[in-house]
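Chemist: Following this line is model10.pdb, made up of PDB, C-alpha atoms, pLDDT in the B column:
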ATOM      1  CA  MET N  92      -7.091  19.698  -2.332  1.00 47.00           C
ATOM      2  CA  HIS N  93      -9.144  20.157   0.823  1.00 46.00           C
ATOM      3  CA  THR N  94     -12.196  17.939   1.162  1.00 43.00           C
ATOM      4  CA  GLN N  95     -14.258  16.808   4.110  1.00 47.00           C
ATOM      5  CA  GLY N  96     -12.792  14.404   6.648  1.00 49.00           C
ATOM      6  CA  ARG N  97      -9.549  13.994   8.537  1.00 53.00           C
ATOM      7  CA  GLU N  98      -8.087  11.564   5.991  1.00 53.00           C
ATOM      8  CA  SER N  99      -7.768  14.284   3.365  1.00 63.00           C
ATOM      9  CA  GLU N 100      -6.931  17.230   5.620  1.00 87.00           C
ATOM     10  CA  ASN N 101      -4.014  19.292   4.346  1.00 93.00           C
ATOM     11  CA  ILE N 102      -0.777  18.943   6.309  1.00 95.00           C
ATOM     12  CA  HIS N 103       1.938  21.569   5.883  1.00 96.00           C
ATOM     13  CA  SER N 104       5.466  20.282   5.216  1.00 95.00           C
ATOM     14  CA  ARG N 105       6.636  21.806   8.520  1.00 95.00           C
ATOM     15  CA  GLU N 106       4.152  19.591  10.384  1.00 95.00           C
ATOM     16  CA  VAL N 107       5.626  16.574   8.571  1.00 95.00           C
ATOM     17  CA  CYS N 108       9.034  17.652   9.948  1.00 94.00           C
ATOM     18  CA  ARG N 109       7.682  17.372  13.493  1.00 93.00           C
ATOM     19  CA  ARG N 110       5.981  14.018  12.877  1.00 92.00           C
ATOM     20  CA  PHE N 111       9.148  12.335  11.581  1.00 88.00           C
ATOM     21  CA  PRO N 112      12.026  13.266  13.893  1.00 89.00           C
ATOM     22  CA  GLY N 113      15.568  12.595  12.760  1.00 88.00           C
ATOM     23  CA  ALA N 114      18.061  10.247  14.406  1.00 88.00           C
ATOM     24  CA  ASN N 115      18.920  12.970  16.925  1.00 90.00           C
ATOM     25  CA  GLY N 116      15.267  13.211  18.028  1.00 90.00           C
ATOM     26  CA  ARG N 117      14.845  16.743  16.687  1.00 91.00           C
ATOM     27  CA  PRO N 118      12.361  17.593  13.923  1.00 92.00           C
ATOM     28  CA  ARG N 119      13.629  16.984  10.415  1.00 92.00           C
ATOM     29  CA  SER N 120      14.573  19.906   8.223  1.00 94.00           C
ATOM     30  CA  ASN N 121      11.898  21.232   5.881  1.00 95.00           C
ATOM     31  CA  THR N 122      14.508  20.760   3.133  1.00 95.00           C
ATOM     32  CA  THR N 123      14.450  17.000   3.839  1.00 95.00           C
ATOM     33  CA  VAL N 124      10.661  16.825   3.495  1.00 96.00           C
ATOM     34  CA  VAL N 125      10.731  18.851   0.257  1.00 97.00           C
ATOM     35  CA  ARG N 126      13.430  16.458  -1.032  1.00 96.00           C
ATOM     36  CA  TRP N 127      11.094  13.514  -0.246  1.00 96.00           C
ATOM     37  CA  ILE N 128       8.430  15.302  -2.322  1.00 97.00           C
ATOM     38  CA  LEU N 129      10.589  16.323  -5.292  1.00 97.00           C
ATOM     39  CA  ARG N 130      13.251  13.608  -5.521  1.00 96.00           C
ATOM     40  CA  GLY N 131      11.931  10.892  -3.254  1.00 95.00           C
ATOM     41  CA  VAL N 132      13.907   8.341  -1.276  1.00 94.00           C
ATOM     42  CA  ARG N 133      16.158   6.154  -3.414  1.00 92.00           C
ATOM     43  CA  LEU N 134      16.118   2.460  -2.598  1.00 87.00           C
ATOM     44  CA  SER N 135      18.155  -0.453  -3.831  1.00 81.00           C
ATOM     45  CA  GLY N 136      17.542  -1.376  -7.451  1.00 81.00           C
ATOM     46  CA  ASN N 137      17.162   2.313  -8.410  1.00 84.00           C
ATOM     47  CA  ARG N 138      13.600   2.329  -7.060  1.00 89.00           C
ATOM     48  CA  THR N 139      12.413   5.692  -5.727  1.00 94.00           C
ATOM     49  CA  ILE N 140       9.519   6.425  -3.374  1.00 94.00           C
ATOM     50  CA  LYS N 141       8.126   9.969  -3.296  1.00 96.00           C
ATOM     51  CA  LEU N 142       5.868  11.683  -0.799  1.00 97.00           C
ATOM     52  CA  GLY N 143       2.747  12.900  -2.586  1.00 96.00           C
ATOM     53  CA  ALA N 144       2.109  16.614  -2.118  1.00 97.00           C
ATOM     54  CA  VAL N 145       0.910  19.788  -3.806  1.00 97.00           C
ATOM     55  CA  ARG N 146       2.447  23.221  -3.813  1.00 96.00           C
ATOM     56  CA  VAL N 147       0.353  26.235  -2.892  1.00 96.00           C
ATOM     57  CA  GLY N 148       2.329  29.444  -3.278  1.00 95.00           C
ATOM     58  CA  LYS N 149       5.665  28.807  -1.579  1.00 95.00           C
ATOM     59  CA  SER N 150       4.335  26.059   0.709  1.00 96.00           C
ATOM     60  CA  TRP N 151       4.008  22.293   0.270  1.00 97.00           C
ATOM     61  CA  TYR N 152       1.011  20.338   1.597  1.00 97.00           C
ATOM     62  CA  THR N 153       0.353  16.614   1.843  1.00 97.00           C
ATOM     63  CA  THR N 154      -2.436  14.472   3.327  1.00 96.00           C
ATOM     64  CA  GLU N 155      -2.729  11.677   5.908  1.00 95.00           C
ATOM     65  CA  ASP N 156      -3.310   9.230   3.045  1.00 95.00           C
ATOM     66  CA  SER N 157      -0.116  10.310   1.272  1.00 96.00           C
ATOM     67  CA  LEU N 158       1.894  10.078   4.498  1.00 95.00           C
ATOM     68  CA  ARG N 159       0.502   6.613   5.246  1.00 94.00           C
ATOM     69  CA  ARG N 160       1.285   5.440   1.699  1.00 94.00           C
ATOM     70  CA  PHE N 161       4.848   6.858   1.923  1.00 95.00           C
ATOM     71  CA  GLU N 162       5.439   5.193   5.310  1.00 91.00           C
ATOM     72  CA  THR N 163       4.021   1.864   4.141  1.00 91.00           C
ATOM     73  CA  GLU N 164       6.104   1.779   0.963  1.00 91.00           C
ATOM     74  CA  LEU N 165       9.296   2.654   2.863  1.00 89.00           C
ATOM     75  CA  THR N 166       8.556   0.045   5.524  1.00 87.00           C
ATOM     76  CA  GLN N 167       7.844  -2.667   2.957  1.00 86.00           C
ATOM     77  CA  ALA N 168      10.966  -1.783   0.984  1.00 85.00           C
ATOM     78  CA  SER N 169      13.102  -2.068   4.132  1.00 79.00           C
ATOM     79  CA  GLY N 170      11.895  -5.624   4.745  1.00 76.00           C
ATOM     80  CA  VAL N 171      10.613  -4.729   8.213  1.00 69.00           C
ATOM     81  CA  THR N 172       7.051  -5.714   8.980  1.00 64.00           C
ATOM     82  CA  ALA N 173       4.793  -2.992  10.331  1.00 57.00           C
ATOM     83  CA  PRO N 174       3.455  -3.579  13.837  1.00 61.00           C
ATOM     84  CA  ARG N 175      -0.068  -4.929  13.956  1.00 61.00           C
ATOM     85  CA  ASP N 176      -2.741  -3.418  16.099  1.00 62.00           C
ATOM     86  CA  ARG N 177      -3.911  -5.110  19.297  1.00 65.00           C
ATOM     87  CA  GLU N 178      -7.095  -6.495  17.754  1.00 68.00           C
ATOM     88  CA  ASP N 179      -5.066  -8.281  15.067  1.00 67.00           C
ATOM     89  CA  GLU N 180      -2.742  -9.671  17.759  1.00 68.00           C
ATOM     90  CA  ARG N 181      -5.685 -10.973  19.818  1.00 71.00           C
ATOM     91  CA  GLU N 182      -7.236 -12.600  16.764  1.00 73.00           C
ATOM     92  CA  ALA N 183      -3.929 -14.224  15.804  1.00 71.00           C
ATOM     93  CA  ALA N 184      -3.504 -15.516  19.363  1.00 73.00           C
ATOM     94  CA  SER N 185      -7.009 -17.034  19.418  1.00 73.00           C
ATOM     95  CA  VAL N 186      -6.465 -18.696  16.023  1.00 72.00           C
ATOM     96  CA  GLY N 187      -3.121 -20.025  17.268  1.00 71.00           C
ATOM     97  CA  ALA N 188      -4.754 -21.404  20.426  1.00 75.00           C
ATOM     98  CA  ALA N 189      -7.494 -23.085  18.364  1.00 73.00           C
ATOM     99  CA  LEU N 190      -4.903 -24.692  16.101  1.00 74.00           C
ATOM    100  CA  ASP N 191      -2.920 -25.882  19.139  1.00 73.00           C
ATOM    101  CA  ALA N 192      -6.101 -27.385  20.624  1.00 75.00           C
ATOM    102  CA  GLU N 193      -6.660 -29.305  17.388  1.00 71.00           C
ATOM    103  CA  GLY N 194      -3.065 -30.511  17.471  1.00 70.00           C
ATOM    104  CA  LEU N 195      -2.067 -28.621  14.330  1.00 60.00           C
TER     105      LEU N 195
END
Would you mind writing the file out in structure tokens?
Modeler:
Amino acid sequence: MHTQGRESENIHSREVCRRFPGANGRPRSNTTVVRWILRGVRLSGNRTIKLGAVRVGKSWYTTEDSLRRFETELTQASGVTAPRDREDEREAASVGAALDAEGL
């Protein structure tokens, strides 16, 4: 599963626990992350989103791409829009200003 580049670097399930703290601010349980891998997160309409991962021995590993995909799907399913980066915000502001100048 390991190839060149940061995008495909293996990430142990325990690291995922630290990256996604629970409501109490503490790292999530490894059991929670393994549940996301095996059973997924159930959404309305019986839709399920799973975290892509592979098992090596007794450990589970995922990648940055899989984490990003999991986060994006959960965010989209919740109806919340993901925050845009600053460059996108600047571009949107300049387009808005140009439209205002044209009276549109």
Chemist: Quote the spacing between atom CA of Pro118 of chain N and atom CA of Arg138 of chain N in Å to one decimal place.
Modeler: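 Separating atom CA of Pro118 of chain N from atom CA of Arg138 of chain N is a distance of 26.0 Å.
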Chemist: At a cut-off of 12 Å, using all atoms listed in the file, what residues contact Phe111 of chain N? Leave out same-chain residues fewer than 6 positions from it and give the result as a VMD selection string.
Modeler: chain N and resid 104 to 105 117 to 121 123 to 124 158 161 to 162
Chemist: Excluding Thr122 of chain N and any residue of its chain fewer than 6 positions from it, enumerate the residues within 12 Å of it, using all atoms listed in the file, and give them as an NGL selection string.
Modeler: :N and (104-105 or 107-108 or 128-130 or 150-151)
Chemist: Which residue out of N:Arg126, N:Lys141, N:Arg181, N:Arg109 has the minimum interatomic distance to Glu164 of chain N when only C-alpha atoms are used?
Modeler: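 Under the stated criterion, the closest residue is N:Lys141.
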Chemist: For Ser157 of chain N, which residue among N:Leu134, N:Gly116, N:Ser169, N:Ile140 is the nearest when counting all atoms listed in the file?
Modeler: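 Ranking N:Leu134, N:Gly116, N:Ser169, N:Ile140 by distance to Ser157 of chain N, first place goes to N:Ile140.
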Chemist: Could you jot down the atom CA of Val145 of chain N to atom CA of Thr163 of chain N separation for me, Å, one decimal place?
Modeler: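 One can read the atom CA of Val145 of chain N to atom CA of Thr163 of chain N distance as 19.9 Å.
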Chemist: Counting all atoms listed in the file, figure out which residue out of N:Ala189, N:Val125, N:Ile102, N:Ala183 gets nearest to Leu142 of chain N.
Modeler: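 Nearest candidate to Leu142 of chain N out of N:Ala189, N:Val125, N:Ile102, N:Ala183: N:Val125.
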Chemist: Which neighbours of Arg160 of chain N fall inside 9 Å, counting all atoms listed in the file, when residues of the same chain fewer than 5 positions from it are skipped, and could you give them as a list in words?
Modeler: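 Result of the neighbour search: Leu142, Gly143, Glu155 and Leu165 of chain N.
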Chemist: Print the selection's residues with C-alpha atoms to a file, as a PDB file, keeping the file's coordinate frame.
Modeler:
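Contents of again_19.pdb, freshly written:
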ATOM      1  CA  LEU N 142       5.868  11.683  -0.799  1.00 97.00           C
ATOM      2  CA  GLY N 143       2.747  12.900  -2.586  1.00 96.00           C
ATOM      3  CA  GLU N 155      -2.729  11.677   5.908  1.00 95.00           C
ATOM      4  CA  LEU N 165       9.296   2.654   2.863  1.00 89.00           C
TER       5      LEU N 165
END
Chemist: Out of N:Gly194, N:Ala114, N:Asp156, N:Trp127, which residue has the shortest atom-to-atom distance to Thr139 of chain N when counting only C-alpha atoms?
Modeler: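 The shortest atom-to-atom distance to Thr139 of chain N comes from N:Trp127.
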Chemist: Could you pull the residues within 12 Å of Asn137 of chain N, counting only C-alpha atoms, minus those fewer than 5 positions along the same chain, as a list in words?
Modeler: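 Once the nearby chain positions are removed, what remains is Gly131, Val132 and Ala168 of chain N.
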Chemist: Enter the distance from atom CA of Gly170 of chain N to atom CA of Ser135 of chain N, in Å, rounded to one decimal.
Modeler: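 These two atoms are separated by 11.8 Å.
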